[in-house]
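Colleague: Sharing a structure with you now.
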Amino acid sequence: MEVGGLPVELWQLILSYLHLPDLGRCSSVCRAWRELVLSLDRTHWRQLCLGCLEHRHPNWPNQPGVEPRSWREAFKQHYLASKTWTKNTQDLDSSNCLSLFRRRKGQRRLCVGTGASGYVQFDNCSFESGQLQIHAPGTCQVKFCTFSQSSIHLRSVGLSVLENCEFTGSENASVTVEGCPSSDHNWACKHLARLAKSCTASAREPEPAGCPVAKQDGCRESLLGPVRTCEIVIGEERSSFLSAAGAQALLGSAQEDTESRENLRAAKEEEYPALESNSSDSDVRSDDEEDAHAAYKLPGQAHSHTLTHSRLESNRLHAVQRDLKIKSLQQELQQDKEAQSLANSLQGCIIRQCLFRDGKGGIFIYSRGQAKLEGNIFRDLTYAVRCIQNSKVIMLRNDIHHCKASGIFLRLSAGGLIADNNIHSNCEAGVDIRKGANPLVLCNKIHSGLRSGIVVVGNGKGIIRSNQIYGNKEAGIYILYNGNPAVSGNRIFQGLAAGIAVNENGRGHITGNVICENQWGGADIRHGGDPVLRNNLISCGYSDGVVVGERGKGLIEGNAIYGNKGCGVWMMSSSLPHLINNQISHNSIYGVAVFCRKDNAGDFPPGQGASESFQEERDGAGGENDPDSEEEYPAARRPISVALVELNSINHNGAAGLHVKSSEALNVVANVIQANGAGGVAVAQSSRLTRIAKNRIARNGRGGVLVEAECQVELRGNGIYENSSHGVVSKGEGVIAENDIVGNRRCGLRLLRAADMKVTKNRIQSFRDYGIAVFDEAKGLVQENLIFQGRSKKSILRPMSDAEDCIIQNNVLLTFRKRFDVECMLIDPPARPHIEGGDPGSCVVAGGQRVSSITTRVDGGCHNHGSIFCTVL
């Protein structure tokens, strides 16, 4: 009879009365009849599947309330599983075997293999206080079974499949996988391989609705284009990288005199007593003076530089935002052939859709064992997965939570792929990598842990990429004792400690990550930590952007550090970092701060200290002579013996661009330090030489450079322009040579109190005040300087009262007669800074010049105006 002879609904009603064999015959008649049979999937096929009492729900035990993709396919799999054994074996007398499964007290063991090509299949069985052991070349398939205080031990098995099983109350590991998979496969391995391939779901992108929800921060304003509106989307709510306060700070960057900045200036009056002079800001310009100043331009230092620099800054942030877009697992597998090969591999033990709960351990893999885990749930265990001794684990789309120790533990050269898992609420680390373990950790959500998100310890390595790590009580990623991972493309946010902590000789390549909204430093480096921190976005932290604590080292290069409530970079003077080519802007306190107090033993954020169980790694740390400690990813960095701050853009920070209170030498070279709320550079303490060379220090809210008493400073080759107070104020000693100090609102150079400076070969001009003013008991040498007359009626140079203490000789004093003279002031030689040879990473300013950044060597500590991080401790 033709299908079209009756309505489809009537055909479906008729077919619903047929039994399984008749349905099979009907589906073989023609394509139209087959489609009719398939259309019964949600009705009659569902009834047949659930009506078979020896079968369980297809999604048991993890999601028994969720409909399968196809009830017919689920029923087919159940049916084939029950037929596989009888189809491939002879009818043997199995009464002796079956007697093992009679209900009786005591533990019993069934062994398959050991000289035989055994295959055992369990479907819908219950194990209580038992153990199933499989030895190569034997193998097994276990489906829809319950294991109560029971376990499975697989030894060198080529391929086995465990699906839809429940493991509860284990006293040790529920599943143990031991030994390298045997190449001697029996007849069942081909069947299991086909079954595994047919049921393996391809890597898919997670649905947004299934993601945990992050706290909404309330910032929805457009900031510097796409960069500053980049958002973390976790579930239905959105959390901007910028808090509302940080957003407002960024939006107001063009407004020099905001209310908050005025409050900050008032609070800093005692810190800058040199600014209180008899030539105060209360002096008002005449209208002619204002007009002349408005038309006044300095060669090489024109206002067009502001626009050029802003465009460079904006473009750079846009590029960082584009490059830091987090990738899906499918994208990662397309680009990484090794990860793709691991995800598609079928060896050892395949464990899918199982539930492990309320026991000691989930899965233990050792002695070169291999296991693939897909879609399992591990909860309320001591640990979920332990993989050691050159073993390999592949974990895809598992849910691991509320473990009493770490969720996943790898050590002793273990490896594999950990991808697209949801790892949360564990009492120790979400993923713990130690002793040479080297896994790929891709596209996981690791969050809400009571300790760190990921810990890399004791020569542990690994590639940690494209993960979302958030809401952990300790560091998002914690690296120590020669741990050396490659960390890239992750989003690490809303942690209750540091975003990334590198401690106790830890290393690592940390590149291209978004690190934001963490309670402590975005990156925290201490006690021999020596990472490469490159091209990261470190923003909106509730403390400092980057903290380099006692004996911290590392290359900190090309990062965007902005919008943090503390300092952009906070360093201690016992540290030895290389801070190069970073953009450090819109932070609430200093751009870069260097302090001299040392760490005490307990000075760690919560959880970043000795409370971690790292004793064996601490005892066995090999240091520089350990052959295993060689960097796998060598850094292209030159050796430095003094902390170096170089080629950075430090702008629009709330206090000084650079604040130094150091007991160690410091080099500040070729930076752009401008538009900061207080001064450009403040050297409050410097018992050893602070060298400030070839920097551009311009348009800061107070003076350009302040040097306090008893500080040793060398100022050489800098351009100090258009600052709101004096160009340079010094009470200390040292050298001021070959600088351009021009266009500042008050004096070009002031020497106060016990200053003892050698001032030579500078070009100095002040529009409203003295070019050089020497007060009190200042002494030194002032010679061979070119000093220009400003617009005020004050003298070009104000000498001190005692000529014997300071030698002033061979200076050239010029008074402007024409506007042309003003414009030629900085033409020959061109305006400083001059960078010999140039540097590819340097910032380009107007006129084609290159400007390099600050070079520093610091020792930090708690300070009234220091790091929020340190102050809280």
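Simple scheme: letters A, B, ... for chains in structure tokens order, numbers from 1 for residues in each chain, numbers from 1 for ligands in the order shown.
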Contacts of Val681 (chain A) at 7 Å or less, counting only C-alpha atoms, minus same-chain residues fewer than 6 places along, as a list in words?
Modeller: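 Listing them by chain and then by number gives Ala656, Gly657, Leu658, His659, Gly704, Val705 and Leu706 of chain A.
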Colleague: List the spatial neighbours of Phe75 (chain A) as a ChimeraX atom specification - criterion: any atom at most 9 Å away, only C-alpha atoms, same-chain residues fewer than 2 positions off excluded.
Modeller: /A:45-46,48-50,55,58,70-73,77-80
Colleague: Can you tell me, as an MDAnalysis selection string, which residues in region 536-759 of chain A count as strand (DSSP E or B) by DSSP?
Modeller: chainID A and resid 537:539 546:548 553:557 560:562 569:572 576:580 583:585 592:595 643:646 649:651 658:662 666:669 672:674 681:686 690:693 696:698 705:707 712:716 719:721 728:730 733:737 740:744 749:751 756:759
Colleague: With distances taken over only C-alpha atoms, which of A:Phe595, A:Asn472, A:Gln331, A:Thr146 is nearest to Ser662 (chain A)?
Modeller: A:Phe595
Colleague: Just the residues within 12 Å of Ser39 (chain A), please, counting only C-alpha atoms, with nothing from its chain fewer than 4 positions along; format it as a PDB file with N, CA and C atoms, in the first residue's frame.
Modeller:
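This is the output file out-v2.pdb:
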```pdb
ATOM      1  N   VAL A   8      -0.122  10.781   7.671  1.00  0.00           N
ATOM      2  CA  VAL A   8       1.074  10.330   8.397  1.00  0.00           C
ATOM      3  C   VAL A   8       0.723   9.987   9.830  1.00  0.00           C
ATOM      4  N   GLU A   9      -0.135  10.797  10.458  1.00  0.00           N
ATOM      5  CA  GLU A   9      -0.489  10.528  11.853  1.00  0.00           C
ATOM      6  C   GLU A   9      -1.147   9.164  12.008  1.00  0.00           C
ATOM      7  N   TRP A  11      -0.630   6.520   9.985  1.00  0.00           N
ATOM      8  CA  TRP A  11       0.433   5.519   9.815  1.00  0.00           C
ATOM      9  C   TRP A  11       1.220   5.353  11.122  1.00  0.00           C
ATOM     10  N   GLN A  12       1.510   6.443  11.771  1.00  0.00           N
ATOM     11  CA  GLN A  12       2.273   6.364  13.022  1.00  0.00           C
ATOM     12  C   GLN A  12       1.487   5.618  14.095  1.00  0.00           C
ATOM     13  N   LEU A  13       0.197   5.826  14.117  1.00  0.00           N
ATOM     14  CA  LEU A  13      -0.628   5.104  15.089  1.00  0.00           C
ATOM     15  C   LEU A  13      -0.621   3.611  14.794  1.00  0.00           C
ATOM     16  N   LEU A  15       1.709   1.840  13.141  1.00  0.00           N
ATOM     17  CA  LEU A  15       3.041   1.266  13.385  1.00  0.00           C
ATOM     18  C   LEU A  15       3.362   1.153  14.871  1.00  0.00           C
ATOM     19  N   SER A  16       2.702   1.962  15.713  1.00  0.00           N
ATOM     20  CA  SER A  16       2.993   1.914  17.146  1.00  0.00           C
ATOM     21  C   SER A  16       2.539   0.603  17.788  1.00  0.00           C
ATOM     22  N   LEU A  23       8.821  -3.999  13.060  1.00  0.00           N
ATOM     23  CA  LEU A  23       9.319  -2.650  12.727  1.00  0.00           C
ATOM     24  C   LEU A  23      10.535  -2.736  11.823  1.00  0.00           C
ATOM     25  N   SER A  27      10.818  -1.140   7.984  1.00  0.00           N
ATOM     26  CA  SER A  27      11.838  -0.163   7.591  1.00  0.00           C
ATOM     27  C   SER A  27      12.627  -0.616   6.383  1.00  0.00           C
ATOM     28  N   ALA A  32      10.314   5.518   1.976  1.00  0.00           N
ATOM     29  CA  ALA A  32       9.195   6.192   2.622  1.00  0.00           C
ATOM     30  C   ALA A  32       8.781   5.472   3.899  1.00  0.00           C
ATOM     31  N   TRP A  33       8.741   4.115   3.820  1.00  0.00           N
ATOM     32  CA  TRP A  33       8.393   3.354   5.021  1.00  0.00           C
ATOM     33  C   TRP A  33       9.480   3.511   6.088  1.00  0.00           C
ATOM     34  N   ARG A  34      10.752   3.555   5.659  1.00  0.00           N
ATOM     35  CA  ARG A  34      11.842   3.731   6.633  1.00  0.00           C
ATOM     36  C   ARG A  34      11.707   5.073   7.361  1.00  0.00           C
ATOM     37  N   GLU A  35      11.380   6.127   6.624  1.00  0.00           N
ATOM     38  CA  GLU A  35      11.216   7.423   7.259  1.00  0.00           C
ATOM     39  C   GLU A  35      10.049   7.426   8.232  1.00  0.00           C
ATOM     40  N   THR A  43       8.300   8.479  20.338  1.00  0.00           N
ATOM     41  CA  THR A  43       7.074   7.847  20.846  1.00  0.00           C
ATOM     42  C   THR A  43       7.301   6.348  21.036  1.00  0.00           C
ATOM     43  N   HIS A  44       7.132   5.593  19.960  1.00  0.00           N
ATOM     44  CA  HIS A  44       7.160   4.139  20.095  1.00  0.00           C
ATOM     45  C   HIS A  44       8.558   3.617  20.442  1.00  0.00           C
ATOM     46  N   TRP A  45       9.612   4.181  19.811  1.00  0.00           N
ATOM     47  CA  TRP A  45      10.969   3.717  20.131  1.00  0.00           C
ATOM     48  C   TRP A  45      11.325   4.030  21.577  1.00  0.00           C
ATOM     49  N   ARG A  46      10.833   5.145  22.074  1.00  0.00           N
ATOM     50  CA  ARG A  46      11.060   5.484  23.485  1.00  0.00           C
ATOM     51  C   ARG A  46      10.386   4.468  24.395  1.00  0.00           C
ATOM     52  N   SER A  70      18.717  10.105  20.067  1.00  0.00           N
ATOM     53  CA  SER A  70      17.822   9.187  19.355  1.00  0.00           C
ATOM     54  C   SER A  70      17.515   7.998  20.261  1.00  0.00           C
ATOM     55  N   TRP A  71      16.215   7.798  20.559  1.00  0.00           N
ATOM     56  CA  TRP A  71      15.818   6.633  21.350  1.00  0.00           C
ATOM     57  C   TRP A  71      16.042   5.351  20.567  1.00  0.00           C
ATOM     58  N   ARG A  72      15.840   5.420  19.274  1.00  0.00           N
ATOM     59  CA  ARG A  72      16.053   4.218  18.461  1.00  0.00           C
ATOM     60  C   ARG A  72      17.522   3.791  18.497  1.00  0.00           C
TER      61      ARG A  72
END
```
Colleague: Select, from A:Ala486, A:Ile152, A:Val514, A:Leu18, the residue with the minimum atom-to-atom distance to Ala173 (chain A), counting only C-alpha atoms.
Modeller: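 Residue with the minimum atom-to-atom distance to Ala173 (chain A): A:Ile152.
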Colleague: Enter the distance from CA of Ile589 (chain A) to CA of Val569 (chain A), in Å, rounded to one decimal.
Modeller: 10.0 Å
Colleague: With only C-alpha atoms as the counted atoms, please give the residues lying no more than 10 Å from Asp756 (chain A), apart from itself and same-chain residues fewer than 3 positions off, as a list in words.
Modeller: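 So the residues in contact are Ala709, Glu710, Gln712, Ser730, Lys731, Gly732, Glu733, Gly734, Val735, Leu751, Leu752, Arg753, Val759, Glu777, Ala778, Lys779, Gly780, Leu781, Asp805 and Cys806 of chain A.
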Colleague: With all heavy atoms kept, could you save the residues just selected as a compact mmCIF listing (two decimals), in the first residue's frame?
Modeller:
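This is the output file out.txt:
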```
# COMPACT_ATOMS: atom_id res chain seq x y z
N ALA A 709 66.67 64.77 49.41
CA ALA A 709 67.98 64.84 50.04
C ALA A 709 68.60 63.46 50.19
O ALA A 709 67.88 62.45 50.38
CB ALA A 709 67.87 65.51 51.41
N GLU A 710 69.92 63.40 50.10
CA GLU A 710 70.73 62.20 50.28
C GLU A 710 70.48 61.16 49.19
O GLU A 710 70.85 60.00 49.37
CB GLU A 710 70.49 61.58 51.66
CG GLU A 710 70.83 62.52 52.80
CD GLU A 710 70.63 61.87 54.15
OE1 GLU A 710 70.17 60.71 54.19
OE2 GLU A 710 70.92 62.52 55.16
N GLN A 712 71.21 59.76 45.33
CA GLN A 712 72.21 59.84 44.28
C GLN A 712 71.53 59.60 42.93
O GLN A 712 70.96 58.53 42.71
CB GLN A 712 73.30 58.79 44.48
CG GLN A 712 74.06 58.94 45.79
CD GLN A 712 75.15 57.90 45.92
OE1 GLN A 712 75.82 57.57 44.94
NE2 GLN A 712 75.34 57.41 47.13
N SER A 730 66.03 69.45 42.92
CA SER A 730 66.96 68.50 43.52
C SER A 730 67.44 69.00 44.89
O SER A 730 67.82 70.16 45.04
CB SER A 730 68.18 68.29 42.61
OG SER A 730 69.11 67.43 43.23
N LYS A 731 67.40 68.08 45.85
CA LYS A 731 68.02 68.29 47.16
C LYS A 731 69.16 67.28 47.37
O LYS A 731 69.75 67.26 48.44
CB LYS A 731 66.98 68.11 48.26
CG LYS A 731 65.75 68.98 48.10
CD LYS A 731 64.72 68.60 49.16
CE LYS A 731 63.38 69.26 48.88
NZ LYS A 731 62.35 68.81 49.84
N GLY A 732 69.37 66.43 46.37
CA GLY A 732 70.34 65.36 46.50
C GLY A 732 71.64 65.69 45.80
O GLY A 732 71.99 66.85 45.58
N GLU A 733 72.36 64.64 45.40
CA GLU A 733 73.65 64.82 44.76
C GLU A 733 73.72 63.97 43.50
O GLU A 733 72.96 63.02 43.33
CB GLU A 733 74.78 64.42 45.72
CG GLU A 733 74.70 62.98 46.22
CD GLU A 733 75.76 62.70 47.26
OE1 GLU A 733 75.74 63.35 48.32
OE2 GLU A 733 76.61 61.82 46.99
N GLY A 734 74.65 64.34 42.61
CA GLY A 734 74.79 63.58 41.38
C GLY A 734 75.08 64.49 40.20
O GLY A 734 75.71 65.54 40.33
N VAL A 735 74.58 64.09 39.02
CA VAL A 735 74.90 64.76 37.77
C VAL A 735 73.62 65.08 37.02
O VAL A 735 72.71 64.23 36.93
CB VAL A 735 75.82 63.88 36.90
CG1 VAL A 735 76.07 64.52 35.55
CG2 VAL A 735 77.14 63.60 37.61
N LEU A 751 67.88 74.02 42.73
CA LEU A 751 68.77 73.31 43.64
C LEU A 751 68.51 73.84 45.04
O LEU A 751 68.66 75.04 45.30
CB LEU A 751 70.23 73.52 43.25
CG LEU A 751 70.62 73.10 41.83
CD1 LEU A 751 72.10 73.35 41.59
CD2 LEU A 751 70.29 71.63 41.58
N LEU A 752 68.11 72.93 45.97
CA LEU A 752 67.66 73.33 47.30
C LEU A 752 68.51 72.68 48.38
O LEU A 752 69.12 71.62 48.18
CB LEU A 752 66.20 72.95 47.51
CG LEU A 752 65.18 73.48 46.50
CD1 LEU A 752 63.80 72.92 46.82
CD2 LEU A 752 65.13 74.99 46.53
N ARG A 753 68.53 73.31 49.52
CA ARG A 753 69.11 72.76 50.74
C ARG A 753 70.51 72.23 50.52
O ARG A 753 71.40 72.95 50.12
CB ARG A 753 68.18 71.69 51.30
CG ARG A 753 66.80 72.24 51.68
CD ARG A 753 65.89 71.17 52.25
NE ARG A 753 64.54 71.68 52.44
CZ ARG A 753 63.52 70.93 52.83
NH1 ARG A 753 63.71 69.63 53.07
NH2 ARG A 753 62.32 71.47 52.97
N VAL A 759 75.92 70.34 37.19
CA VAL A 759 74.93 70.68 36.16
C VAL A 759 75.68 71.19 34.94
O VAL A 759 76.23 72.29 34.96
CB VAL A 759 73.95 71.74 36.68
CG1 VAL A 759 72.89 72.05 35.63
CG2 VAL A 759 73.30 71.29 37.99
N GLU A 777 71.59 76.21 51.05
CA GLU A 777 72.98 75.77 51.15
C GLU A 777 73.39 74.90 49.98
O GLU A 777 74.31 74.09 50.10
CB GLU A 777 73.19 75.01 52.46
CG GLU A 777 72.85 75.83 53.69
CD GLU A 777 72.95 75.01 54.96
OE1 GLU A 777 73.25 73.81 54.85
OE2 GLU A 777 72.73 75.58 56.05
N ALA A 778 72.71 75.02 48.87
CA ALA A 778 73.03 74.19 47.71
C ALA A 778 74.44 74.49 47.23
O ALA A 778 74.93 75.63 47.30
CB ALA A 778 72.03 74.43 46.60
N LYS A 779 75.10 73.44 46.71
CA LYS A 779 76.45 73.61 46.19
C LYS A 779 76.62 72.70 44.98
O LYS A 779 75.75 71.90 44.65
CB LYS A 779 77.49 73.28 47.26
CG LYS A 779 77.34 71.92 47.89
CD LYS A 779 78.32 71.74 49.05
CE LYS A 779 78.12 70.40 49.74
NZ LYS A 779 79.05 70.22 50.87
N GLY A 780 77.78 72.83 44.33
CA GLY A 780 78.05 72.02 43.16
C GLY A 780 78.67 72.84 42.05
O GLY A 780 79.33 73.86 42.30
N LEU A 781 78.43 72.41 40.81
CA LEU A 781 79.02 73.05 39.65
C LEU A 781 77.94 73.28 38.60
O LEU A 781 77.23 72.34 38.22
CB LEU A 781 80.12 72.16 39.08
CG LEU A 781 80.77 72.62 37.78
CD1 LEU A 781 81.52 73.94 37.98
CD2 LEU A 781 81.71 71.54 37.25
N ASP A 805 80.30 77.96 47.73
CA ASP A 805 79.77 76.59 47.76
C ASP A 805 79.36 76.10 46.39
O ASP A 805 79.14 74.90 46.21
CB ASP A 805 78.55 76.52 48.69
CG ASP A 805 78.96 76.74 50.12
OD1 ASP A 805 80.12 76.44 50.45
OD2 ASP A 805 78.12 77.22 50.90
N CYS A 806 79.17 76.96 45.43
CA CYS A 806 78.73 76.54 44.10
C CYS A 806 79.46 77.37 43.05
O CYS A 806 79.53 78.60 43.14
CB CYS A 806 77.23 76.72 43.95
SG CYS A 806 76.59 76.09 42.40
```
Colleague: Met395 (chain A): which residues within 7 Å, counting only C-alpha atoms, same-chain residues fewer than 4 positions away excluded, as a VMD selection string?
Modeller: chain A and resid 372 to 374 417 to 419
Colleague: Have a look at CA of Gln141 (chain A) and CA of Leu192 (chain A) and let me know their distance in Å, one decimal.
Modeller: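 Interatomic distance, CA of Gln141 (chain A) to CA of Leu192 (chain A): 7.7 Å.
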Colleague: Between CA of Thr690 (chain A) and CA of Val502 (chain A), what is the distance in Å, rounded to a tenth?
Modeller: 26.9 Å
Colleague: Can you tell me, as an MDAnalysis selection string, what residues are no more than 7 Å from Leu537 (chain A) when counting only C-alpha atoms, ignoring any on the same chain fewer than 5 positions away?
Modeller: chainID A and resid 513:515 559:561
Colleague: Which of these residues is nearest to Arg745 (chain A), using only C-alpha atoms: A:Ser585, A:Asn785, A:Asn700, A:Gln335?
Modeller: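 Residue with the minimum atom-to-atom distance to Arg745 (chain A): A:Asn700.
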Colleague: What's around Arg465 (chain A) at 10 Å? Count only C-alpha atoms, leave out sequence neighbours fewer than 4 positions away in its own chain, and write the answer as a PyMOL selection string.
Modeller: chain A and resi 326-327+332+419+440-444+486-491+511-513
